[in-house]
Structures are given as structure tokens and as C-alpha cells.
$ cat protein07.txt   # compact mmCIF, C-alpha atoms
# COMPACT_ATOMS: atom_id res chain seq x y z
CA GLY A 246 36.16 -96.97 -10.75
CA ASN A 247 36.41 -99.44 -7.91
CA SER A 248 37.00 -98.31 -4.35
CA VAL A 249 36.82 -99.51 -0.77
CA THR A 250 36.00 -97.32 2.20
CA GLN A 251 36.80 -98.42 5.73
CA MET A 252 35.97 -96.80 9.02
CA GLU A 253 38.83 -94.70 10.21
CA GLY A 254 40.87 -95.84 13.14
CA PRO A 255 42.50 -96.27 15.37
CA VAL A 256 40.10 -98.47 17.29
CA THR A 257 40.93 -99.29 20.89
CA LEU A 258 38.97 -101.93 22.77
CA SER A 259 39.23 -103.84 25.99
CA GLU A 260 39.72 -107.58 25.87
CA GLU A 261 36.48 -109.52 25.29
CA ALA A 262 34.74 -106.48 23.80
CA PHE A 263 32.68 -106.71 20.61
CA LEU A 264 34.37 -105.53 17.44
CA THR A 265 32.87 -104.05 14.29
CA ILE A 266 34.94 -102.52 11.51
CA ASN A 267 32.80 -101.08 8.76
CA CYS A 268 33.63 -101.56 5.10
CA THR A 269 31.69 -100.41 2.06
CA TYR A 270 32.63 -100.69 -1.56
CA THR A 271 31.97 -99.30 -4.99
CA ALA A 272 32.47 -101.54 -7.97
CA THR A 273 31.50 -101.53 -11.60
CA GLY A 274 30.80 -105.24 -11.54
CA TYR A 275 30.28 -108.07 -9.09
CA PRO A 276 33.36 -108.30 -6.89
CA SER A 277 34.75 -110.82 -4.46
CA LEU A 278 35.41 -109.33 -1.02
CA PHE A 279 38.21 -109.95 1.44
CA TRP A 280 39.51 -109.01 4.85
CA TYR A 281 43.25 -109.10 5.36
CA VAL A 282 45.15 -108.67 8.63
CA GLN A 283 48.63 -107.21 9.01
CA TYR A 284 50.56 -107.72 12.22
CA PRO A 285 53.36 -105.27 13.06
CA GLY A 286 56.28 -105.54 10.67
CA GLU A 287 54.70 -108.29 8.62
CA GLY A 288 52.96 -108.74 5.31
CA LEU A 289 49.26 -109.36 4.86
CA GLN A 290 47.43 -112.53 5.76
CA LEU A 291 44.05 -113.43 4.37
CA LEU A 292 41.56 -113.45 7.22
CA LEU A 293 38.35 -114.32 5.39
CA LYS A 294 36.60 -113.90 2.07
CA ALA A 295 33.21 -114.01 0.37
CA THR A 296 32.62 -114.39 -3.33
CA LYS A 297 28.90 -113.79 -3.76
CA ALA A 298 26.01 -111.95 -2.18
CA ASP A 299 24.86 -113.22 1.23
CA ASP A 300 28.01 -115.32 1.63
CA LYS A 301 29.45 -115.20 5.12
CA GLY A 302 33.20 -115.50 5.50
CA SER A 303 34.52 -116.60 8.88
CA ASN A 304 37.84 -117.42 10.48
CA LYS A 305 39.33 -117.28 13.99
CA GLY A 306 36.08 -115.93 15.41
CA PHE A 307 35.86 -113.14 12.84
CA GLU A 308 32.89 -112.91 10.49
CA ALA A 309 31.79 -110.75 7.60
CA THR A 310 28.72 -111.03 5.38
CA TYR A 311 28.62 -109.88 1.77
CA ARG A 312 25.68 -107.47 1.56
CA LYS A 313 25.00 -106.50 -2.02
CA GLU A 314 22.02 -104.29 -1.19
CA THR A 315 24.14 -102.09 1.07
CA THR A 316 27.45 -102.75 -0.74
CA SER A 317 29.02 -103.62 2.58
CA PHE A 318 31.29 -106.24 4.13
CA HIS A 319 31.59 -105.30 7.79
CA LEU A 320 34.02 -107.26 9.95
CA GLU A 321 32.80 -108.47 13.35
CA LYS A 322 34.10 -110.45 16.27
CA GLY A 323 32.19 -111.19 19.42
CA SER A 324 35.09 -111.16 21.86
CA VAL A 325 38.45 -109.70 20.90
CA GLN A 326 41.77 -110.75 22.36
CA VAL A 327 45.01 -108.86 22.83
CA SER A 328 46.50 -110.99 20.07
CA ASP A 329 43.97 -109.51 17.61
CA SER A 330 45.79 -106.18 17.74
CA ALA A 331 46.76 -105.48 14.14
CA VAL A 332 45.79 -103.49 11.07
CA TYR A 333 42.79 -104.79 9.17
CA PHE A 334 42.28 -104.17 5.46
CA CYS A 335 39.11 -104.63 3.50
CA ALA A 336 39.64 -105.37 -0.18
CA LEU A 337 37.77 -106.23 -3.34
CA LEU A 338 38.70 -108.18 -6.42
CA LEU A 339 36.99 -107.60 -9.69
CA ILE A 340 38.13 -109.61 -12.65
CA SER A 341 37.78 -107.80 -15.92
CA SER A 342 39.21 -108.40 -19.34
CA GLY A 343 42.94 -107.90 -19.30
CA SER A 344 43.00 -107.70 -15.52
CA ALA A 345 45.46 -109.83 -13.64
CA ARG A 346 43.36 -110.22 -10.52
CA GLN A 347 44.22 -106.91 -8.95
CA LEU A 348 43.04 -106.21 -5.44
CA THR A 349 41.68 -102.82 -4.41
CA PHE A 350 42.37 -102.10 -0.73
CA GLY A 351 40.74 -99.88 1.80
CA SER A 352 42.88 -97.58 3.91
CA GLY A 353 43.21 -100.00 6.79
CA THR A 354 41.98 -99.83 10.38
CA GLN A 355 44.37 -100.10 13.29
CA LEU A 356 42.93 -102.17 16.13
CA THR A 357 44.47 -102.17 19.59
CA VAL A 358 43.10 -104.50 22.25
CA LEU A 359 44.00 -103.73 25.84
CA PRO A 360 44.20 -106.41 28.52
CA GLY B 1259 50.97 -124.31 1.97
CA ALA B 1260 51.05 -121.19 -0.23
CA VAL B 1261 54.03 -119.50 1.38
CA VAL B 1262 55.66 -116.45 -0.12
CA SER B 1263 59.04 -115.24 1.08
CA GLN B 1264 60.86 -111.99 0.56
CA HIS B 1265 64.52 -111.21 0.88
CA PRO B 1266 65.91 -109.17 2.44
CA SER B 1267 63.50 -108.30 5.21
CA ARG B 1268 65.32 -105.04 5.87
CA VAL B 1269 67.87 -103.14 3.84
CA ILE B 1270 69.62 -99.84 4.29
CA CYS B 1271 71.38 -98.33 1.31
CA LYS B 1272 72.99 -95.06 0.37
CA SER B 1273 71.40 -92.60 -1.96
CA GLY B 1274 72.30 -93.30 -5.58
CA THR B 1275 72.80 -97.03 -5.20
CA SER B 1276 70.50 -99.82 -6.41
CA VAL B 1277 68.76 -102.41 -4.31
CA LYS B 1278 67.25 -105.73 -5.37
CA ILE B 1279 64.37 -107.33 -3.50
CA GLU B 1280 63.43 -110.95 -4.16
CA CYS B 1281 60.00 -112.47 -3.90
CA ARG B 1282 59.67 -116.26 -3.97
CA SER B 1283 56.71 -118.59 -3.91
CA LEU B 1284 58.03 -121.53 -1.90
CA ASP B 1285 55.51 -124.28 -2.49
CA PHE B 1286 53.53 -123.31 -5.55
CA GLN B 1287 54.03 -121.88 -9.00
CA ALA B 1288 52.99 -118.29 -9.39
CA THR B 1289 52.18 -117.16 -12.88
CA THR B 1290 51.39 -113.70 -11.60
CA MET B 1291 53.13 -111.68 -8.92
CA PHE B 1292 52.27 -108.24 -7.64
CA TRP B 1293 54.45 -105.57 -6.08
CA TYR B 1294 53.01 -103.11 -3.57
CA ARG B 1295 54.37 -100.16 -1.70
CA GLN B 1296 53.12 -99.18 1.72
CA PHE B 1297 53.81 -95.91 3.47
CA PRO B 1298 53.57 -95.69 7.28
CA LYS B 1299 50.02 -96.05 8.54
CA GLN B 1300 48.69 -96.19 4.99
CA SER B 1301 47.23 -98.76 2.70
CA LEU B 1302 48.98 -100.75 0.03
CA MET B 1303 49.57 -99.10 -3.31
CA LEU B 1304 49.88 -101.45 -6.26
CA MET B 1305 53.03 -100.65 -8.19
CA ALA B 1306 53.07 -103.30 -10.88
CA THR B 1307 51.87 -106.69 -11.98
CA SER B 1308 54.32 -109.18 -13.37
CA ASN B 1309 53.57 -112.29 -15.35
CA GLU B 1310 56.19 -114.97 -15.74
CA GLY B 1311 58.12 -114.57 -18.95
CA SER B 1312 56.67 -111.22 -19.97
CA LYS B 1313 57.15 -107.56 -19.18
CA ALA B 1314 55.59 -106.14 -16.06
CA THR B 1315 52.56 -103.89 -16.22
CA TYR B 1316 53.11 -100.75 -14.20
CA GLU B 1317 50.44 -98.66 -12.54
CA GLN B 1318 50.04 -95.07 -13.52
CA GLY B 1319 52.64 -92.85 -11.90
CA VAL B 1320 55.14 -95.64 -11.22
CA GLU B 1321 58.43 -95.15 -13.04
CA LYS B 1322 59.30 -98.36 -14.83
CA ASP B 1323 62.92 -97.32 -15.30
CA LYS B 1324 63.30 -96.73 -11.61
CA PHE B 1325 61.49 -99.82 -10.36
CA LEU B 1326 62.72 -102.69 -12.49
CA ILE B 1327 60.69 -105.86 -12.20
CA ASN B 1328 61.76 -109.23 -13.47
CA HIS B 1329 59.68 -112.41 -13.29
CA ALA B 1330 62.08 -114.91 -14.80
CA SER B 1331 60.59 -118.07 -13.33
CA LEU B 1332 57.34 -119.34 -11.89
CA THR B 1333 58.70 -119.02 -8.37
CA LEU B 1334 60.77 -115.85 -8.43
CA SER B 1335 60.14 -112.19 -9.10
CA THR B 1336 62.59 -109.40 -8.33
CA LEU B 1337 62.14 -105.68 -7.80
CA THR B 1338 65.20 -103.50 -8.28
CA VAL B 1339 65.06 -99.95 -7.03
CA THR B 1340 67.60 -98.11 -9.17
CA SER B 1341 69.42 -94.96 -8.12
CA ALA B 1342 67.57 -94.96 -4.84
CA HIS B 1343 66.70 -91.73 -3.07
CA PRO B 1344 65.40 -91.10 0.46
CA GLU B 1345 61.86 -90.70 -0.87
CA ASP B 1346 62.03 -94.33 -2.04
CA SER B 1347 62.23 -95.42 1.59
CA SER B 1348 59.16 -97.53 2.20
CA PHE B 1349 57.78 -100.97 2.97
CA TYR B 1350 57.63 -103.09 -0.19
CA ILE B 1351 55.33 -106.09 -0.25
CA CYS B 1352 54.94 -108.71 -2.93
CA SER B 1353 52.14 -111.16 -3.47
CA ALA B 1354 51.74 -114.18 -5.69
CA ALA B 1355 48.76 -115.82 -7.30
CA GLN B 1356 48.48 -119.43 -8.40
CA PRO B 1357 47.55 -120.19 -11.98
CA LEU B 1358 44.07 -121.35 -11.02
CA GLY B 1359 43.67 -119.29 -7.88
CA ILE B 1360 41.77 -116.39 -9.30
CA TYR B 1361 40.51 -115.22 -5.95
CA GLU B 1362 43.44 -115.31 -3.63
CA GLN B 1363 46.82 -113.68 -3.46
CA TYR B 1364 49.45 -114.84 -1.00
CA PHE B 1365 51.53 -112.08 0.49
CA GLY B 1366 55.16 -111.98 1.42
CA PRO B 1367 56.31 -110.59 4.77
CA GLY B 1368 57.55 -107.36 3.23
CA THR B 1369 60.89 -105.59 2.87
CA ARG B 1370 61.70 -102.41 4.76
CA LEU B 1371 63.90 -100.20 2.56
CA THR B 1372 65.68 -97.23 4.09
CA VAL B 1373 67.69 -94.95 1.84
CA THR B 1374 70.13 -92.66 3.62
$ encode --input "protein07.txt" --output "C-alpha cells"
Amino acid sequence: GNSVTQMEGPVTLSEEAFLTINCTYTATGYPSLFWYVQYPGEGLQLLLKATKADDKGSNKGFEATYRKETTSFHLEKGSVQVSDSAVYFCALLLISSGSARQLTFGSGTQLTVLP
Amino acid sequence: GAVVSQHPSRVICKSGTSVKIECRSLDFQATTMFWYRQFPKQSLMLMATSNEGSKATYEQGVEKDKFLINHASLTLSTLTVTSAHPEDSSFYICSAAQPLGIYEQYFGPGTRLTVT
């Protein structure tokens, strides 16, 4: 089946530090990959996405590159801010017959950025 | 654009009562809506997929008689937790997908249900 594995948190960084959150996946086909962010008490917001190998998704200083050879989609940011403190979810979408576009989520990684 | 709302944002109910949670797509038509459950510090668990005008498809282990889902229009889906018990306390999140948006789901802000 399909699955997403994220590095376990929590991750605590100082402001302006470099961030990497690892994400690897297992899929029976050729998925699209996503990073979602969840701020405290809120739903999920799409942060970035990539739909094919070697695509780089980017948004708000965050980047992730779809690496088919390593089945990875690691999230990076060069300089984190306190406002980036949130839970980050890696997810994949694999459309198969009869599927209604179901997302498979990783376990989430809590990021705390200290001033 | 692509805003999804949920109501209520928080609800407290007594054990044995039923609670209805609404999920609305405010500026687009959603042929498919998804309902998730999230436990503290855990990931989202897909409960069911609902398509407008048809019965919802429930994930394995989710009781369809307990979690009633209705998707009566292209902008509204409801989740009713029937005969709620304390173990049903959780954060419920819905998402909606546009008819042609096969890649992206738009998530609601979530509903915190507490059953006492």
C-alpha cells in the first residue's frame, strides 16, 4: 500500500536557523507529493506541491524537490522565523481507478522556532 | 479563493446526544468532500469520502451508522456523530475538492468535539 514516513519531532530551532524535515514515501504508482502546514487550532493549509519527478515546489521560503530515485520529498527552509512554528505534514496523492483523490499523510512534525 | 468553512468550531455535548458538523465550500463547488479525524499530536485519519448526491464511502473501521455523512449539495456536507461517547472526542476536519482539481484539497479549520 501507500505510505508516508516523516522524521519524528518535535524539532526546535532558533530563529534564522536552517530547517530540514525529511519525508520519504512508498507508493504503488506515480504519486503527487505535498507539504501541508497546520497552525495551532486550525485546519491544514497547502504549503507546496510537486507532481512529477525533479519538480521543485516552493512557497514562503520553503522548498521541496520530488526525488523519485530516493522516493523522497524533504522540506527545507534557509532561515526560519518564529511564525513558522507549526506542525508540518507530508502527503501523497495517488489516483487509481475508483479513488476519489485520497491523500495519504505522514505523522506530522512539530516545529518550534525560538526567538 | 477556495475557502472551506466548518461550523461549529468547538462543541461540547453530553454523552448519548448527537452532534452535527457542517462543512461548506464558500466560493467553489465541491463534488467531493472528505472527513478526517485527528487525535492530539497525531496525523489525520480519513474517515469517509462523500460525493454530492450519493452515499459516502467509509474507510475500514469507521462505523457508518455512528458517523452519518450527508452531501446534499455541491457546497455543503454534514457529519453527524450519533449517540456520542467520550471516546468520540476529537478534532474533525473536512476538506473539499473541486470538480477539476484532481491534485488539491482545500481544508476547513476543523471542529473540536468534546463529549462529557
$ closest_residue --input "protein07.txt" --among "A:Ser352, A:Ser324, A:Thr315, A:Ser330" --to "chain B" --atoms "all atoms listed in the file"
A:Ser352
$ interface_residues --input "protein07.txt" --of "chain B" --to "chain A" --cutoff "7 Å" --atoms "all atoms listed in the file" --output "JSON, numbers by chain"
{"B": [1300, 1301, 1302, 1351, 1360, 1365, 1366, 1367, 1368]}
$ closest_residue --input "protein07.txt" --among "B:Val1320, B:Asn1309, B:Pro1344, B:Phe1349" --to "Pro285 of chain A" --atoms "all atoms listed in the file"
B:Phe1349
$ closest_atom_pairs --input "protein07.txt" --of "segment 267-295 of chain A" --to "segment 316-322 of chain A" --cutoff "9 Å" --atoms "only C-alpha atoms" --output "tab-separated table"
residue	atom	partner	partner_atom	distance
A:Asn267	CA	A:His319	CA	4.5
A:Cys268	CA	A:His319	CA	5.0
A:Thr269	CA	A:Ser317	CA	4.2
A:Tyr270	CA	A:Thr316	CA	5.6
A:Thr271	CA	A:Thr316	CA	7.1
A:Ala272	CA	A:Thr316	CA	8.9
A:Leu278	CA	A:Phe318	CA	7.3
A:Phe279	CA	A:Phe318	CA	8.3
A:Trp280	CA	A:Leu320	CA	7.7
A:Ala295	CA	A:Phe318	CA	8.8
$ atom_distance --input "protein07.txt" --atom1 "atom CA of Thr1338 of chain B" --atom2 "atom CA of Asp1323 of chain B"
9.6 Å
$ atom_distance --input "protein07.txt" --atom1 "atom CA of Ser1353 of chain B" --atom2 "atom CA of Thr1315 of chain B"
14.7 Å
$ residues_around --input "protein07.txt" --residues "Pro1266 of chain B" --least-positions-apart "2" --cutoff "8 Å" --atoms "only C-alpha atoms" --output "list in words"
Gln1264, Arg1268, Val1269, Ile1279, Glu1280 and Thr1369 of chain B
$ atom_distance --input "protein07.txt" --atom1 "atom CA of Ala331 of chain A" --atom2 "atom CA of Cys1281 of chain B"
23.4 Å
$ residues_around --input "protein07.txt" --residues "Cys1271 of chain B" --least-positions-apart "4" --cutoff "10 Å" --atoms "all atoms listed in the file" --output "compact mmCIF listing (two decimals) with C-alpha atoms, in the coordinates of the input"
# COMPACT_ATOMS: atom_id res chain seq x y z
CA THR B 1275 72.80 -97.03 -5.20
CA SER B 1276 70.50 -99.82 -6.41
CA VAL B 1277 68.76 -102.41 -4.31
CA ALA B 1342 67.57 -94.96 -4.84
CA HIS B 1343 66.70 -91.73 -3.07
CA PRO B 1344 65.40 -91.10 0.46
CA SER B 1347 62.23 -95.42 1.59
CA LEU B 1371 63.90 -100.20 2.56
CA THR B 1372 65.68 -97.23 4.09
CA VAL B 1373 67.69 -94.95 1.84
CA THR B 1374 70.13 -92.66 3.62
$ residues_around --input "protein07.txt" --residues "Leu293 of chain A" --least-positions-apart "6" --cutoff "10 Å" --atoms "all atoms listed in the file" --output "PDB file with C-alpha atoms, in the coordinates of the input"
ATOM      1  CA  LEU A 278      35.410-109.330  -1.020  1.00  0.00           C
ATOM      2  CA  PHE A 279      38.210-109.950   1.440  1.00  0.00           C
ATOM      3  CA  TRP A 280      39.510-109.010   4.850  1.00  0.00           C
ATOM      4  CA  TYR A 281      43.250-109.100   5.360  1.00  0.00           C
ATOM      5  CA  VAL A 282      45.150-108.670   8.630  1.00  0.00           C
ATOM      6  CA  LYS A 301      29.450-115.200   5.120  1.00  0.00           C
ATOM      7  CA  GLY A 302      33.200-115.500   5.500  1.00  0.00           C
ATOM      8  CA  SER A 303      34.520-116.600   8.880  1.00  0.00           C
ATOM      9  CA  ASN A 304      37.840-117.420  10.480  1.00  0.00           C
ATOM     10  CA  LYS A 305      39.330-117.280  13.990  1.00  0.00           C
ATOM     11  CA  PHE A 307      35.860-113.140  12.840  1.00  0.00           C
ATOM     12  CA  GLU A 308      32.890-112.910  10.490  1.00  0.00           C
ATOM     13  CA  ALA A 309      31.790-110.750   7.600  1.00  0.00           C
ATOM     14  CA  LEU A 320      34.020-107.260   9.950  1.00  0.00           C
ATOM     15  CA  CYS A 335      39.110-104.630   3.500  1.00  0.00           C
TER      16      CYS A 335
END
$ decode --input "protein07.txt" --residues "segment 1279-1302 of chain B" --atoms "N, CA, C and O atoms" --output "PDB file, in the first residue's frame"
ATOM      1  N   ILE B1279     -21.927  18.506  12.411  1.00  0.00           N
ATOM      2  CA  ILE B1279     -20.860  19.419  11.994  1.00  0.00           C
ATOM      3  C   ILE B1279     -21.044  19.716  10.512  1.00  0.00           C
ATOM      4  O   ILE B1279     -21.233  18.792   9.708  1.00  0.00           O
ATOM      5  N   GLU B1280     -21.001  20.988  10.159  1.00  0.00           N
ATOM      6  CA  GLU B1280     -21.183  21.382   8.763  1.00  0.00           C
ATOM      7  C   GLU B1280     -19.850  21.749   8.120  1.00  0.00           C
ATOM      8  O   GLU B1280     -18.995  22.363   8.749  1.00  0.00           O
ATOM      9  N   CYS B1281     -19.743  21.417   6.871  1.00  0.00           N
ATOM     10  CA  CYS B1281     -18.568  21.767   6.081  1.00  0.00           C
ATOM     11  C   CYS B1281     -19.071  22.430   4.804  1.00  0.00           C
ATOM     12  O   CYS B1281     -19.847  21.825   4.058  1.00  0.00           O
ATOM     13  N   ARG B1282     -18.628  23.651   4.551  1.00  0.00           N
ATOM     14  CA  ARG B1282     -19.092  24.386   3.383  1.00  0.00           C
ATOM     15  C   ARG B1282     -17.926  24.872   2.528  1.00  0.00           C
ATOM     16  O   ARG B1282     -16.937  25.375   3.059  1.00  0.00           O
ATOM     17  N   SER B1283     -18.071  24.717   1.235  1.00  0.00           N
ATOM     18  CA  SER B1283     -17.133  25.357   0.312  1.00  0.00           C
ATOM     19  C   SER B1283     -17.753  26.698  -0.063  1.00  0.00           C
ATOM     20  O   SER B1283     -18.856  26.755  -0.585  1.00  0.00           O
ATOM     21  N   LEU B1284     -17.059  27.780   0.235  1.00  0.00           N
ATOM     22  CA  LEU B1284     -17.670  29.108   0.155  1.00  0.00           C
ATOM     23  C   LEU B1284     -17.630  29.720  -1.236  1.00  0.00           C
ATOM     24  O   LEU B1284     -18.503  30.500  -1.588  1.00  0.00           O
ATOM     25  N   ASP B1285     -16.640  29.399  -2.024  1.00  0.00           N
ATOM     26  CA  ASP B1285     -16.506  30.081  -3.307  1.00  0.00           C
ATOM     27  C   ASP B1285     -16.225  29.129  -4.456  1.00  0.00           C
ATOM     28  O   ASP B1285     -15.754  29.551  -5.515  1.00  0.00           O
ATOM     29  N   PHE B1286     -16.540  27.853  -4.246  1.00  0.00           N
ATOM     30  CA  PHE B1286     -16.412  26.919  -5.350  1.00  0.00           C
ATOM     31  C   PHE B1286     -17.341  25.739  -5.102  1.00  0.00           C
ATOM     32  O   PHE B1286     -17.810  25.523  -3.984  1.00  0.00           O
ATOM     33  N   GLN B1287     -17.596  24.987  -6.129  1.00  0.00           N
ATOM     34  CA  GLN B1287     -18.437  23.811  -5.999  1.00  0.00           C
ATOM     35  C   GLN B1287     -17.560  22.581  -5.796  1.00  0.00           C
ATOM     36  O   GLN B1287     -16.611  22.355  -6.543  1.00  0.00           O
ATOM     37  N   ALA B1288     -17.912  21.845  -4.777  1.00  0.00           N
ATOM     38  CA  ALA B1288     -17.097  20.687  -4.396  1.00  0.00           C
ATOM     39  C   ALA B1288     -17.882  19.407  -4.662  1.00  0.00           C
ATOM     40  O   ALA B1288     -18.830  19.095  -3.948  1.00  0.00           O
ATOM     41  N   THR B1289     -17.485  18.694  -5.674  1.00  0.00           N
ATOM     42  CA  THR B1289     -18.154  17.431  -5.946  1.00  0.00           C
ATOM     43  C   THR B1289     -17.757  16.359  -4.948  1.00  0.00           C
ATOM     44  O   THR B1289     -18.500  15.422  -4.712  1.00  0.00           O
ATOM     45  N   THR B1290     -16.594  16.510  -4.370  1.00  0.00           N
ATOM     46  CA  THR B1290     -16.114  15.534  -3.400  1.00  0.00           C
ATOM     47  C   THR B1290     -15.661  16.242  -2.131  1.00  0.00           C
ATOM     48  O   THR B1290     -14.947  17.244  -2.202  1.00  0.00           O
ATOM     49  N   MET B1291     -16.091  15.713  -1.012  1.00  0.00           N
ATOM     50  CA  MET B1291     -15.635  16.224   0.281  1.00  0.00           C
ATOM     51  C   MET B1291     -15.140  15.056   1.115  1.00  0.00           C
ATOM     52  O   MET B1291     -15.638  13.933   0.986  1.00  0.00           O
ATOM     53  N   PHE B1292     -14.170  15.334   1.950  1.00  0.00           N
ATOM     54  CA  PHE B1292     -13.548  14.320   2.779  1.00  0.00           C
ATOM     55  C   PHE B1292     -13.681  14.706   4.252  1.00  0.00           C
ATOM     56  O   PHE B1292     -13.606  15.879   4.602  1.00  0.00           O
ATOM     57  N   TRP B1293     -13.868  13.715   5.073  1.00  0.00           N
ATOM     58  CA  TRP B1293     -13.914  13.934   6.519  1.00  0.00           C
ATOM     59  C   TRP B1293     -12.758  13.189   7.178  1.00  0.00           C
ATOM     60  O   TRP B1293     -12.551  11.988   6.937  1.00  0.00           O
ATOM     61  N   TYR B1294     -12.024  13.933   8.010  1.00  0.00           N
ATOM     62  CA  TYR B1294     -10.874  13.376   8.724  1.00  0.00           C
ATOM     63  C   TYR B1294     -11.084  13.526  10.225  1.00  0.00           C
ATOM     64  O   TYR B1294     -11.784  14.419  10.699  1.00  0.00           O
ATOM     65  N   ARG B1295     -10.379  12.673  10.937  1.00  0.00           N
ATOM     66  CA  ARG B1295     -10.347  12.770  12.386  1.00  0.00           C
ATOM     67  C   ARG B1295      -8.884  12.870  12.797  1.00  0.00           C
ATOM     68  O   ARG B1295      -8.027  12.171  12.235  1.00  0.00           O
ATOM     69  N   GLN B1296      -8.633  13.746  13.758  1.00  0.00           N
ATOM     70  CA  GLN B1296      -7.248  13.924  14.199  1.00  0.00           C
ATOM     71  C   GLN B1296      -7.196  13.863  15.719  1.00  0.00           C
ATOM     72  O   GLN B1296      -7.843  14.650  16.409  1.00  0.00           O
ATOM     73  N   PHE B1297      -6.404  12.936  16.234  1.00  0.00           N
ATOM     74  CA  PHE B1297      -6.184  12.840  17.659  1.00  0.00           C
ATOM     75  C   PHE B1297      -5.004  13.736  18.031  1.00  0.00           C
ATOM     76  O   PHE B1297      -4.173  14.067  17.172  1.00  0.00           O
ATOM     77  N   PRO B1298      -4.911  14.136  19.311  1.00  0.00           N
ATOM     78  CA  PRO B1298      -3.841  15.052  19.722  1.00  0.00           C
ATOM     79  C   PRO B1298      -2.463  14.561  19.301  1.00  0.00           C
ATOM     80  O   PRO B1298      -2.124  13.391  19.497  1.00  0.00           O
ATOM     81  N   LYS B1299      -1.721  15.454  18.703  1.00  0.00           N
ATOM     82  CA  LYS B1299      -0.339  15.199  18.281  1.00  0.00           C
ATOM     83  C   LYS B1299      -0.237  14.028  17.293  1.00  0.00           C
ATOM     84  O   LYS B1299       0.811  13.399  17.185  1.00  0.00           O
ATOM     85  N   GLN B1300      -1.293  13.766  16.578  1.00  0.00           N
ATOM     86  CA  GLN B1300      -1.262  12.694  15.588  1.00  0.00           C
ATOM     87  C   GLN B1300      -1.669  13.208  14.218  1.00  0.00           C
ATOM     88  O   GLN B1300      -2.099  14.350  14.069  1.00  0.00           O
ATOM     89  N   SER B1301      -1.535  12.341  13.254  1.00  0.00           N
ATOM     90  CA  SER B1301      -1.856  12.723  11.892  1.00  0.00           C
ATOM     91  C   SER B1301      -3.360  12.636  11.651  1.00  0.00           C
ATOM     92  O   SER B1301      -4.131  12.276  12.537  1.00  0.00           O
ATOM     93  N   LEU B1302      -3.746  12.982  10.449  1.00  0.00           N
ATOM     94  CA  LEU B1302      -5.152  12.918  10.078  1.00  0.00           C
ATOM     95  C   LEU B1302      -5.508  11.504   9.640  1.00  0.00           C
ATOM     96  O   LEU B1302      -4.777  10.874   8.874  1.00  0.00           O
TER      97      LEU B1302
END
